[in-house]
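The data block below is model_0.pdb; it holds PDB, C-alpha atoms and all ligand atoms.
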```
ATOM      1  CA  MET N  56      26.391   5.905 -10.134
ATOM      2  CA  HIS N  57      26.939   5.228 -13.794
ATOM      3  CA  ALA N  58      29.609   2.599 -13.070
ATOM      4  CA  LEU N  59      27.397   0.872 -10.499
ATOM      5  CA  SER N  60      24.414   0.807 -12.884
ATOM      6  CA  ALA N  61      26.607  -0.597 -15.665
ATOM      7  CA  GLN N  62      27.687  -3.426 -13.336
ATOM      8  CA  VAL N  63      24.085  -4.156 -12.329
ATOM      9  CA  ARG N  64      22.951  -4.146 -15.949
ATOM     10  CA  GLU N  65      25.827  -6.428 -16.922
ATOM     11  CA  ALA N  66      24.593  -8.893 -14.318
ATOM     12  CA  GLY N  67      21.292  -8.927 -16.233
ATOM     13  CA  LYS N  68      19.352  -7.149 -13.491
ATOM     14  CA  ARG N  69      16.390  -4.843 -13.925
ATOM     15  CA  ILE N  70      16.865  -1.373 -12.399
ATOM     16  CA  ALA N  71      14.067   0.799 -11.000
ATOM     17  CA  LEU N  72      14.537   4.475 -10.118
ATOM     18  CA  VAL N  73      12.385   6.605  -7.814
ATOM     19  CA  PRO N  74      13.512  10.226  -8.274
ATOM     20  CA  THR N  75      12.880  12.426  -5.211
ATOM     21  CA  MET N  76      14.013  15.661  -3.628
ATOM     22  CA  GLY N  77      14.124  13.977  -0.214
ATOM     23  CA  ALA N  78      11.932  14.920   2.789
ATOM     24  CA  LEU N  79      10.414  11.513   2.214
ATOM     25  CA  HIS N  80       6.853  10.884   3.386
ATOM     26  CA  ALA N  81       4.406   8.005   3.029
ATOM     27  CA  GLY N  82       3.605   9.109  -0.547
ATOM     28  CA  HIS N  83       7.249   8.617  -1.580
ATOM     29  CA  LEU N  84       7.401   5.343   0.334
ATOM     30  CA  SER N  85       4.449   3.994  -1.638
ATOM     31  CA  LEU N  86       6.403   4.747  -4.862
ATOM     32  CA  ILE N  87       9.509   3.100  -3.413
ATOM     33  CA  ASP N  88       7.555  -0.002  -2.327
ATOM     34  CA  TYR N  89       5.941  -0.250  -5.761
ATOM     35  CA  ALA N  90       9.301   0.123  -7.541
ATOM     36  CA  ARG N  91      10.923  -2.417  -5.182
ATOM     37  CA  ALA N  92       8.414  -5.036  -6.282
ATOM     38  CA  GLN N  93       9.088  -4.354 -10.001
ATOM     39  CA  ALA N  94      12.863  -4.618 -10.154
ATOM     40  CA  ASP N  95      15.977  -6.442  -9.004
ATOM     41  CA  PHE N  96      17.892  -3.285  -8.135
ATOM     42  CA  LEU N  97      16.216  -0.224  -6.665
ATOM     43  CA  VAL N  98      17.767   3.240  -6.753
ATOM     44  CA  VAL N  99      16.212   6.211  -4.946
ATOM     45  CA  SER N 100      17.660   9.552  -5.982
ATOM     46  CA  ILE N 101      17.650  12.417  -3.501
ATOM     47  CA  PHE N 102      18.558  15.766  -5.006
ATOM     48  CA  VAL N 103      17.021  19.155  -4.261
ATOM     49  CA  ASN N 104      17.301  20.467  -7.789
ATOM     50  CA  PRO N 105      18.040  24.216  -7.849
ATOM     51  CA  LEU N 106      17.130  24.420 -11.560
ATOM     52  CA  GLN N 107      13.444  23.779 -10.921
ATOM     53  CA  PHE N 108      12.877  26.377  -8.179
ATOM     54  CA  ASP N 109      11.519  29.681  -9.418
ATOM     55  CA  ARG N 110      11.883  31.351  -5.982
ATOM     56  CA  ASP N 111      15.100  31.325  -3.902
ATOM     57  CA  ALA N 112      13.071  31.378  -0.676
ATOM     58  CA  ASP N 113      11.338  28.137  -1.689
ATOM     59  CA  LEU N 114      14.697  26.472  -2.467
ATOM     60  CA  ASP N 115      16.193  27.630   0.859
ATOM     61  CA  ALA N 116      13.153  26.528   2.856
ATOM     62  CA  TYR N 117      12.822  23.126   1.167
ATOM     63  CA  PRO N 118      13.067  20.548   3.986
ATOM     64  CA  ARG N 119      16.341  18.585   4.008
ATOM     65  CA  THR N 120      16.130  15.451   6.151
ATOM     66  CA  TRP N 121      19.021  13.271   4.995
ATOM     67  CA  GLU N 122      19.319  11.078   8.142
ATOM     68  CA  ALA N 123      15.624  10.159   8.178
ATOM     69  CA  ASP N 124      15.515   9.777   4.381
ATOM     70  CA  SER N 125      18.458   7.397   4.192
ATOM     71  CA  ALA N 126      17.056   5.284   7.053
ATOM     72  CA  LEU N 127      13.676   5.073   5.277
ATOM     73  CA  CYS N 128      15.308   4.090   1.973
ATOM     74  CA  ALA N 129      17.183   1.288   3.738
ATOM     75  CA  GLU N 130      14.023   0.123   5.554
ATOM     76  CA  HIS N 131      12.119   0.028   2.275
ATOM     77  CA  GLY N 132      14.747  -2.024   0.490
ATOM     78  CA  ALA N 133      16.608   0.508  -1.668
ATOM     79  CA  ASP N 134      19.875  -0.937  -2.999
ATOM     80  CA  ALA N 135      21.401   2.494  -3.582
ATOM     81  CA  ILE N 136      20.698   6.149  -2.917
ATOM     82  CA  TYR N 137      21.970   8.492  -5.596
ATOM     83  CA  ALA N 138      22.475  11.865  -3.917
ATOM     84  CA  PRO N 139      24.767  14.051  -6.011
ATOM     85  CA  THR N 140      25.735  17.558  -4.911
ATOM     86  CA  ALA N 141      24.593  20.566  -6.948
ATOM     87  CA  PRO N 142      28.139  21.320  -8.227
ATOM     88  CA  ALA N 143      28.477  17.679  -9.326
ATOM     89  CA  MET N 144      25.186  17.902 -11.225
ATOM     90  CA  TYR N 145      25.817  21.347 -12.662
ATOM     91  CA  PRO N 146      29.564  21.996 -12.849
ATOM     92  CA  GLY N 147      30.923  25.219 -14.311
ATOM     93  CA  GLY N 148      30.190  25.344 -18.030
ATOM     94  CA  PHE N 149      26.979  23.327 -17.766
ATOM     95  CA  ALA N 150      24.928  24.624 -20.692
ATOM     96  CA  THR N 151      22.256  22.108 -21.673
ATOM     97  CA  LYS N 152      18.537  22.461 -21.151
ATOM     98  CA  VAL N 153      15.972  19.754 -21.873
ATOM     99  CA  SER N 154      12.621  21.317 -22.720
ATOM    100  CA  VAL N 155       9.327  19.710 -23.712
ATOM    101  CA  ALA N 156       7.130  22.061 -25.749
ATOM    102  CA  GLY N 157       3.394  22.434 -25.262
ATOM    103  CA  LEU N 158       2.580  20.284 -22.246
ATOM    104  CA  GLY N 159       4.491  22.606 -19.916
ATOM    105  CA  GLN N 160       2.778  25.824 -20.942
ATOM    106  CA  GLY N 161      -0.459  25.808 -18.916
ATOM    107  CA  LEU N 162      -1.287  24.901 -15.300
ATOM    108  CA  CYS N 163       1.845  25.115 -13.101
ATOM    109  CA  GLY N 164       4.011  25.975 -16.121
ATOM    110  CA  GLU N 165       2.210  29.285 -16.561
ATOM    111  CA  HIS N 166       2.889  30.302 -12.956
ATOM    112  CA  ARG N 167       6.378  28.856 -12.452
ATOM    113  CA  PRO N 168       8.552  30.037 -15.348
ATOM    114  CA  GLY N 169      11.391  27.626 -16.107
ATOM    115  CA  HIS N 170      10.177  25.056 -13.581
ATOM    116  CA  PHE N 171       9.482  22.200 -15.987
ATOM    117  CA  ASP N 172      12.669  22.792 -17.977
ATOM    118  CA  GLY N 173      14.481  22.387 -14.654
ATOM    119  CA  VAL N 174      12.594  19.165 -13.969
ATOM    120  CA  THR N 175      13.168  17.627 -17.408
ATOM    121  CA  THR N 176      16.831  18.623 -17.391
ATOM    122  CA  VAL N 177      17.487  16.989 -14.026
ATOM    123  CA  VAL N 178      15.384  13.910 -14.773
ATOM    124  CA  ALA N 179      17.230  13.418 -18.073
ATOM    125  CA  LYS N 180      20.503  13.574 -16.112
ATOM    126  CA  LEU N 181      19.225  11.167 -13.444
ATOM    127  CA  PHE N 182      18.111   8.771 -16.182
ATOM    128  CA  GLY N 183      21.543   9.097 -17.818
ATOM    129  CA  ALA N 184      23.391   8.279 -14.607
ATOM    130  CA  VAL N 185      21.122   5.534 -13.270
ATOM    131  CA  THR N 186      20.070   4.036 -16.650
ATOM    132  CA  PRO N 187      16.896   2.554 -15.121
ATOM    133  CA  HIS N 188      14.582   0.157 -16.925
ATOM    134  CA  LEU N 189      11.653   1.844 -15.191
ATOM    135  CA  ALA N 190      11.063   5.022 -13.214
ATOM    136  CA  VAL N 191       8.201   5.698 -10.825
ATOM    137  CA  PHE N 192       6.581   9.109 -10.205
ATOM    138  CA  GLY N 193       3.539  10.293  -8.252
ATOM    139  CA  GLN N 194       0.354  11.462  -9.953
ATOM    140  CA  LYS N 195       0.132  14.412  -7.548
ATOM    141  CA  ASP N 196       2.515  16.133  -9.975
ATOM    142  CA  TYR N 197       0.320  15.129 -12.893
ATOM    143  CA  GLN N 198       1.690  17.694 -15.345
ATOM    144  CA  GLN N 199       5.255  16.687 -14.437
ATOM    145  CA  LEU N 200       4.375  13.031 -15.045
ATOM    146  CA  LYS N 201       2.940  13.802 -18.497
ATOM    147  CA  ILE N 202       5.956  15.925 -19.454
ATOM    148  CA  ILE N 203       8.472  13.297 -18.329
ATOM    149  CA  THR N 204       6.552  10.570 -20.165
ATOM    150  CA  ARG N 205       6.692  12.705 -23.348
ATOM    151  CA  MET N 206      10.402  13.464 -22.940
ATOM    152  CA  THR N 207      11.234   9.796 -22.404
ATOM    153  CA  ALA N 208       9.339   8.777 -25.559
ATOM    154  CA  ASP N 209      10.605  11.669 -27.694
ATOM    155  CA  LEU N 210      14.249  11.057 -26.774
ATOM    156  CA  ASP N 211      14.015   7.254 -27.213
ATOM    157  CA  MET N 212      15.228   6.754 -23.670
ATOM    158  CA  GLY N 213      13.736   3.271 -23.512
ATOM    159  CA  ILE N 214      12.584   3.737 -19.923
ATOM    160  CA  GLU N 215       9.114   2.761 -18.728
ATOM    161  CA  VAL N 216       7.623   5.738 -16.863
ATOM    162  CA  ILE N 217       5.008   4.728 -14.307
ATOM    163  CA  GLY N 218       2.615   7.112 -12.506
ATOM    164  CA  ARG N 219       1.198   6.020  -9.162
ATOM    165  CA  PRO N 220      -1.844   7.375  -7.298
ATOM    166  CA  THR N 221      -1.575  10.274  -4.849
ATOM    167  CA  LEU N 222      -1.429   9.272  -1.211
ATOM    168  CA  ARG N 223      -3.599  11.347   1.137
ATOM    169  CA  GLU N 224      -3.751  12.028   4.850
ATOM    170  CA  ALA N 225      -6.790  10.524   6.619
ATOM    171  CA  ASP N 226      -8.723  13.781   6.099
ATOM    172  CA  GLY N 227      -7.948  13.938   2.365
ATOM    173  CA  LEU N 228      -5.011  16.381   2.165
ATOM    174  CA  ALA N 229      -2.555  15.189  -0.498
ATOM    175  CA  MET N 230       0.786  14.235   1.061
ATOM    176  CA  SER N 231       3.513  16.729   0.222
ATOM    177  CA  SER N 232       6.932  17.638   1.589
ATOM    178  CA  ARG N 233       5.629  21.211   1.767
ATOM    179  CA  ASN N 234       2.819  20.366   4.244
ATOM    180  CA  VAL N 235       5.306  20.755   7.129
ATOM    181  CA  HIS N 236       5.346  24.510   6.459
ATOM    182  CA  LEU N 237       1.601  24.900   7.173
ATOM    183  CA  SER N 238       0.488  26.480  10.467
ATOM    184  CA  ALA N 239      -2.319  24.687  12.319
ATOM    185  CA  ASP N 240      -4.924  27.057  10.841
ATOM    186  CA  GLU N 241      -3.479  26.750   7.320
ATOM    187  CA  ARG N 242      -3.375  22.958   7.675
ATOM    188  CA  ALA N 243      -7.074  22.932   8.602
ATOM    189  CA  GLN N 244      -7.986  25.170   5.658
ATOM    190  CA  ALA N 245      -5.784  23.216   3.216
ATOM    191  CA  LEU N 246      -8.650  20.743   3.026
ATOM    192  CA  CYS N 247     -10.304  23.181   0.616
ATOM    193  CA  LEU N 248      -8.272  21.585  -2.203
ATOM    194  CA  ARG N 249      -9.713  18.124  -1.651
ATOM    195  CA  ARG N 250     -13.177  19.606  -1.093
ATOM    196  CA  ALA N 251     -12.989  21.536  -4.359
ATOM    197  CA  LEU N 252     -12.056  18.330  -6.194
ATOM    198  CA  ASP N 253     -14.946  16.531  -4.501
ATOM    199  CA  LYS N 254     -17.362  19.308  -5.473
ATOM    200  CA  ALA N 255     -16.262  19.055  -9.116
ATOM    201  CA  GLN N 256     -16.608  15.273  -9.044
ATOM    202  CA  GLU N 257     -20.067  15.523  -7.510
ATOM    203  CA  LEU N 258     -21.234  17.887 -10.291
ATOM    204  CA  ALA N 259     -19.665  15.793 -13.054
ATOM    205  CA  GLN N 260     -21.218  12.612 -11.716
ATOM    206  CA  GLY N 261     -24.569  14.406 -11.463
ATOM    207  CA  GLY N 262     -24.348  14.974 -15.239
ATOM    208  CA  GLU N 263     -22.922  18.520 -15.467
ATOM    209  CA  ARG N 264     -20.867  18.792 -18.681
ATOM    210  CA  GLU N 265     -20.190  22.565 -18.742
ATOM    211  CA  VAL N 266     -16.639  22.985 -17.473
ATOM    212  CA  GLN N 267     -17.171  26.646 -16.585
ATOM    213  CA  LYS N 268     -19.927  25.706 -14.121
ATOM    214  CA  ILE N 269     -17.788  22.995 -12.566
ATOM    215  CA  LYS N 270     -14.803  25.340 -12.256
ATOM    216  CA  SER N 271     -16.868  28.125 -10.670
ATOM    217  CA  ALA N 272     -18.384  25.801  -8.086
ATOM    218  CA  ALA N 273     -14.963  24.331  -7.225
ATOM    219  CA  ALA N 274     -13.336  27.782  -7.067
ATOM    220  CA  GLN N 275     -16.064  28.920  -4.655
ATOM    221  CA  VAL N 276     -15.061  26.134  -2.279
ATOM    222  CA  VAL N 277     -11.456  27.394  -2.252
ATOM    223  CA  GLU N 278     -12.533  31.014  -1.948
ATOM    224  CA  GLY N 279     -14.621  30.064   1.102
ATOM    225  CA  ALA N 280     -11.376  29.306   2.985
ATOM    226  CA  SER N 281     -10.219  32.683   4.319
ATOM    227  CA  LEU N 282      -6.486  31.804   4.375
ATOM    228  CA  ALA N 283      -6.461  30.295   0.872
ATOM    229  CA  ARG N 284      -5.541  32.139  -2.331
ATOM    230  CA  LEU N 285      -6.385  30.349  -5.549
ATOM    231  CA  GLU N 286      -3.548  30.530  -8.097
ATOM    232  CA  TYR N 287      -5.265  28.490 -10.788
ATOM    233  CA  LEU N 288      -7.972  25.895 -11.165
ATOM    234  CA  GLU N 289      -8.328  24.240 -14.545
ATOM    235  CA  VAL N 290     -10.055  21.301 -16.168
ATOM    236  CA  VAL N 291      -7.914  19.758 -18.885
ATOM    237  CA  ASP N 292      -7.820  16.809 -21.254
ATOM    238  CA  ALA N 293      -6.247  14.028 -19.164
ATOM    239  CA  ASP N 294      -3.852  13.159 -21.954
ATOM    240  CA  ASN N 295      -2.698  16.326 -23.719
ATOM    241  CA  LEU N 296      -3.547  18.795 -20.884
ATOM    242  CA  ALA N 297      -5.455  21.136 -23.228
ATOM    243  CA  PRO N 298      -8.089  23.214 -21.364
ATOM    244  CA  LEU N 299     -11.625  21.907 -21.891
ATOM    245  CA  THR N 300     -14.956  23.702 -22.191
ATOM    246  CA  ARG N 301     -17.089  20.537 -22.024
ATOM    247  CA  LEU N 302     -16.555  17.197 -20.322
ATOM    248  CA  GLU N 303     -16.539  14.646 -23.097
ATOM    249  CA  GLY N 304     -13.655  12.228 -22.547
ATOM    250  CA  PRO N 305     -11.132  11.571 -19.771
ATOM    251  CA  ALA N 306     -10.454  14.860 -17.966
ATOM    252  CA  ARG N 307      -8.404  16.039 -15.028
ATOM    253  CA  MET N 308      -9.066  18.935 -12.706
ATOM    254  CA  ALA N 309      -5.851  20.495 -11.409
ATOM    255  CA  MET N 310      -5.233  23.428  -9.088
ATOM    256  CA  ALA N 311      -2.639  25.370  -7.148
ATOM    257  CA  VAL N 312      -3.584  27.152  -3.945
ATOM    258  CA  TRP N 313      -1.493  29.286  -1.604
ATOM    259  CA  LEU N 314      -1.985  28.914   2.133
ATOM    260  CA  GLY N 315       0.098  31.755   3.543
ATOM    261  CA  ALA N 316       3.597  31.297   2.100
ATOM    262  CA  THR N 317       3.021  27.664   1.121
ATOM    263  CA  ARG N 318       1.912  26.664  -2.361
ATOM    264  CA  LEU N 319      -0.009  23.397  -2.600
ATOM    265  CA  ILE N 320      -1.126  21.547  -5.721
ATOM    266  CA  ASP N 321      -3.653  18.780  -6.211
ATOM    267  CA  ASN N 322      -5.534  17.111  -9.055
ATOM    268  CA  ASP N 323      -7.908  14.280  -9.740
ATOM    269  CA  ALA N 324      -9.664  12.530 -12.574
ATOM    270  CA  LEU N 325     -13.026  14.025 -13.554
ATOM    271  CA  ASN N 326     -15.434  11.828 -15.414
TER
HETATM  272  O1  LIG N 401       8.772  15.419  -8.073
HETATM  273  C1  LIG N 401       9.901  15.698  -7.615
HETATM  274  O2  LIG N 401      10.218  15.471  -6.440
HETATM  275  C2  LIG N 401      10.928  16.373  -8.526
HETATM  276  O3  LIG N 401      10.311  17.251  -9.406
HETATM  277  C3  LIG N 401      11.824  15.366  -9.261
HETATM  278  C4  LIG N 401      11.026  14.505 -10.222
HETATM  279  C5  LIG N 401      12.553  14.487  -8.265
HETATM  280  C6  LIG N 401      12.881  16.121 -10.088
HETATM  281  O4  LIG N 401      13.675  16.912  -9.292
END
```
As a first step, turn the structure in this file into structure tokens.
Ligand code: PAF
Amino acid sequence: MHALSAQVREAGKRIALVPTMGALHAGHLSLIDYARAQADFLVVSIFVNPLQFDRDADLDAYPRTWEADSALCAEHGADAIYAPTAPAMYPGGFATKVSVAGLGQGLCGEHRPGHFDGVTTVVAKLFGAVTPHLAVFGQKDYQQLKIITRMTADLDMGIEVIGRPTLREADGLAMSSRNVHLSADERAQALCLRRALDKAQELAQGGEREVQKIKSAAAQVVEGASLARLEYLEVVDADNLAPLTRLEGPARMAMAVWLGATRLIDNDALN
């Protein structure tokens, strides 16, 4: 990958990278299409990164759909797929961890120990191998996007990190590779995430500034779904992810909810 990128760079071409763990859906394809339009050479990486899974069962169950993924990458104009094996990424003796302080502590970071260190470590390696000019991520993983943006700036990587809006199913459920694990009943009740975000937005737009009131009303929506278990629901500063008590500037509401054995996350701007 490194040799190919060096050749492409030598030819004066601009490289875009869309990092993924495969199981590509329309949300990924919107990132790929966006990246395609921004660069001369488009790389999609597909690597189910063991370092970022805090539960073995989640890693084992993660959907692996190589045939479909590679066909979709070709259809959407990728010039290369970078799909290293785990031993190639992490050979014996591998000992480096990339860790961004602060931003990774709350929200998902509090509930998934080591997760964001796994993400930043693999993304730093993907950036090192692909040497992209720009990299495109989804805003569904809002905390991840903020952490990667920080890492890229702090380590002078010289890569433009772009966050793109979450794509949703027609009924509002955020697209996710994990949605395939939902039973029909869980799928129906998964709408509680979008409804909780809508409830919060409705209150904020009606003038409510007290975050506690907004959080309680949104949490009630999730708790009304009998199959849902709320892991966290937080309103944070959209930039530094610090928890807020009042809505004053740009804010983001983020949550994680379990539907049976499947953990879903979602977030949206709150103004
Ligand atoms: O968002 C993802 O799919 C992963 O966290 C990423 C960025 C590809 C790193 O493994």
Please produce, as a tab-separated table, a per-residue contact table for stretch 284-321 of chain N versus stretch 240-258 of chain N (criterion: any atom at most 10 Å away, all atoms listed in the file considered), showing the nearest atom pair and its distance in Å to one decimal, sorted by chain then residue number.
```
residue	atom	partner	partner_atom	distance
N:Leu285	CA	N:Leu248	CA	9.6
N:Leu288	CA	N:Ala251	CA	9.5
N:Val290	CA	N:Ala255	CA	9.7
N:Arg307	CA	N:Leu252	CA	9.8
N:Met308	CA	N:Leu252	CA	7.2
N:Ala309	CA	N:Leu252	CA	8.4
N:Met310	CA	N:Leu248	CA	7.7
N:Ala311	CA	N:Leu248	CA	8.4
N:Val312	CA	N:Leu248	CA	7.5
N:Trp313	CA	N:Ala245	CA	8.9
N:Leu314	CA	N:Glu241	CA	5.8
N:Gly315	CA	N:Glu241	CA	7.2
N:Ala316	CA	N:Glu241	CA	9.9
N:Thr317	CA	N:Glu241	CA	9.0
N:Leu319	CA	N:Ala245	CA	8.2
N:Ile320	CA	N:Leu248	CA	8.0
N:Asp321	CA	N:Leu248	CA	6.7
```
Looking at only C-alpha atoms, which of N:Ala184, N:Leu325, N:Met206, N:Leu282 is the one that sits closest to N:Arg264?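 Nearest candidate to N:Arg264 out of N:Ala184, N:Leu325, N:Met206, N:Leu282: N:Leu325.
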Counting all atoms listed in the file, what residues are within 10 Å of ligand LIG 401 (chain N), given as a ChimeraX atom specification? /N:73-79,83,99-108,170-171,173-179,181,190-197,199-200,203,231-232
With the file shown as input, list the residues that the PyMOL selection byres (((chain N and resi 293) around 9) and not hetatm) selects, as an NGL selection string. :N and (290-292 or 294-297 or 304-308 or 324-325)
For the provided coordinates, the residues matched by the PyMOL selection byres (((chain N and resi 85) around 10) and not hetatm) should be stated as a ChimeraX atom specification. /N:80-84,86-91,131,193,219-222
Point-to-point distance in Å for atom CA of N:Arg318 and atom CA of N:Gly169: 16.7 Å
Need the axis-aligned box for stretch 96-113 of chain N with 3 Å each side, so what are the centre and edges in Å to one decimal, as lines of an AutoDock Vina configuration file?
```
center_x = 14.9
center_y = 14.0
center_z = -6.1
size_x = 13.2
size_y = 40.7
size_z = 16.9
```
Per residue of stretch 215-311 of chain N within 12 Å of stretch 66-71 of chain N, which atom pair is closest and at what distance in Å (one decimal), using only C-alpha atoms, listed by chain and increasing number, as CSV?
```
residue,atom,partner,partner_atom,distance
N:Glu215,CA,N:Ala71,CA,9.4
N:Val216,CA,N:Ala71,CA,10.0
N:Ile217,CA,N:Ala71,CA,10.4
```
Please write the residues from the selection above to a file, keeping C-alpha atoms, as a PDB file, in the frame of the given file.
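Printed below is result-v4.pdb as written:
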```
ATOM      1  CA  GLU N 215       9.114   2.761 -18.728  1.00  0.00           C
ATOM      2  CA  VAL N 216       7.623   5.738 -16.863  1.00  0.00           C
ATOM      3  CA  ILE N 217       5.008   4.728 -14.307  1.00  0.00           C
TER       4      ILE N 217
END
```
In terms of the shortest atom-to-atom distance over all atoms listed in the file, which of N:Asn322, N:Ser60, N:Thr300, N:Gln160 is closest to N:Ile136? N:Ser60
Check the smallest atom-to-atom distance from each of N:Asn326, N:Asp113, N:Ser281, N:Leu189 to N:Ile269 using only C-alpha atoms, then report the winner. N:Asn326
As a check of understanding: the span from atom CA of N:Gln198 to atom CA of N:Val155 is 11.5 Å
Expressed in Å to a single decimal, how great is the separation between atom CA of N:His236 and atom CA of N:Arg119?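 Atom CA of N:Arg119 lies at a distance of 12.7 Å from atom CA of N:His236.
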Convert the output of the PyMOL selection byres (((chain N and resi 161) around 10) and not hetatm) on the shown file into explicit residues, formatted as an MDAnalysis selection string. chainID N and resid 157:160 162:167 198 287 289 291 296:298
Find, counting all atoms listed in the file, the residue in N:Arg301, N:Leu237, N:Ala283, N:Thr151 that gets nearest to N:Lys268. N:Arg301
Reconstruct N, CA and C atoms of stretch 82-98 of chain N; output as a PDB file, in the coordinates of the input.
```
ATOM      1  N   GLY N  82       3.859   9.096   0.900  1.00  0.00           N
ATOM      2  CA  GLY N  82       3.605   9.109  -0.547  1.00  0.00           C
ATOM      3  C   GLY N  82       4.821   8.591  -1.301  1.00  0.00           C
ATOM      4  N   HIS N  83       6.017   9.117  -0.929  1.00  0.00           N
ATOM      5  CA  HIS N  83       7.249   8.617  -1.580  1.00  0.00           C
ATOM      6  C   HIS N  83       7.428   7.114  -1.292  1.00  0.00           C
ATOM      7  N   LEU N  84       7.146   6.742  -0.046  1.00  0.00           N
ATOM      8  CA  LEU N  84       7.401   5.343   0.334  1.00  0.00           C
ATOM      9  C   LEU N  84       6.514   4.389  -0.465  1.00  0.00           C
ATOM     10  N   SER N  85       5.310   4.861  -0.818  1.00  0.00           N
ATOM     11  CA  SER N  85       4.449   3.994  -1.638  1.00  0.00           C
ATOM     12  C   SER N  85       5.058   3.823  -3.038  1.00  0.00           C
ATOM     13  N   LEU N  86       5.728   4.867  -3.557  1.00  0.00           N
ATOM     14  CA  LEU N  86       6.403   4.747  -4.862  1.00  0.00           C
ATOM     15  C   LEU N  86       7.593   3.789  -4.741  1.00  0.00           C
ATOM     16  N   ILE N  87       8.317   3.944  -3.637  1.00  0.00           N
ATOM     17  CA  ILE N  87       9.509   3.100  -3.413  1.00  0.00           C
ATOM     18  C   ILE N  87       9.090   1.633  -3.290  1.00  0.00           C
ATOM     19  N   ASP N  88       8.021   1.380  -2.516  1.00  0.00           N
ATOM     20  CA  ASP N  88       7.555  -0.002  -2.327  1.00  0.00           C
ATOM     21  C   ASP N  88       7.098  -0.597  -3.666  1.00  0.00           C
ATOM     22  N   TYR N  89       6.410   0.232  -4.454  1.00  0.00           N
ATOM     23  CA  TYR N  89       5.941  -0.250  -5.761  1.00  0.00           C
ATOM     24  C   TYR N  89       7.149  -0.601  -6.640  1.00  0.00           C
ATOM     25  N   ALA N  90       8.120   0.329  -6.690  1.00  0.00           N
ATOM     26  CA  ALA N  90       9.301   0.123  -7.541  1.00  0.00           C
ATOM     27  C   ALA N  90      10.089  -1.103  -7.077  1.00  0.00           C
ATOM     28  N   ARG N  91      10.184  -1.272  -5.755  1.00  0.00           N
ATOM     29  CA  ARG N  91      10.923  -2.417  -5.182  1.00  0.00           C
ATOM     30  C   ARG N  91      10.391  -3.739  -5.740  1.00  0.00           C
ATOM     31  N   ALA N  92       9.053  -3.786  -5.842  1.00  0.00           N
ATOM     32  CA  ALA N  92       8.414  -5.036  -6.282  1.00  0.00           C
ATOM     33  C   ALA N  92       8.580  -5.276  -7.789  1.00  0.00           C
ATOM     34  N   GLN N  93       9.009  -4.232  -8.538  1.00  0.00           N
ATOM     35  CA  GLN N  93       9.088  -4.354 -10.001  1.00  0.00           C
ATOM     36  C   GLN N  93      10.490  -4.663 -10.514  1.00  0.00           C
ATOM     37  N   ALA N  94      11.489  -4.581  -9.639  1.00  0.00           N
ATOM     38  CA  ALA N  94      12.863  -4.618 -10.154  1.00  0.00           C
ATOM     39  C   ALA N  94      13.789  -5.419  -9.257  1.00  0.00           C
ATOM     40  N   ASP N  95      14.977  -5.720  -9.802  1.00  0.00           N
ATOM     41  CA  ASP N  95      15.977  -6.442  -9.004  1.00  0.00           C
ATOM     42  C   ASP N  95      16.831  -5.466  -8.216  1.00  0.00           C
ATOM     43  N   PHE N  96      16.985  -4.250  -8.744  1.00  0.00           N
ATOM     44  CA  PHE N  96      17.892  -3.285  -8.135  1.00  0.00           C
ATOM     45  C   PHE N  96      17.168  -1.953  -8.073  1.00  0.00           C
ATOM     46  N   LEU N  97      17.009  -1.444  -6.849  1.00  0.00           N
ATOM     47  CA  LEU N  97      16.216  -0.224  -6.665  1.00  0.00           C
ATOM     48  C   LEU N  97      17.109   0.959  -6.265  1.00  0.00           C
ATOM     49  N   VAL N  98      17.029   2.011  -7.058  1.00  0.00           N
ATOM     50  CA  VAL N  98      17.767   3.240  -6.753  1.00  0.00           C
ATOM     51  C   VAL N  98      16.756   4.330  -6.401  1.00  0.00           C
TER      52      VAL N  98
END
```
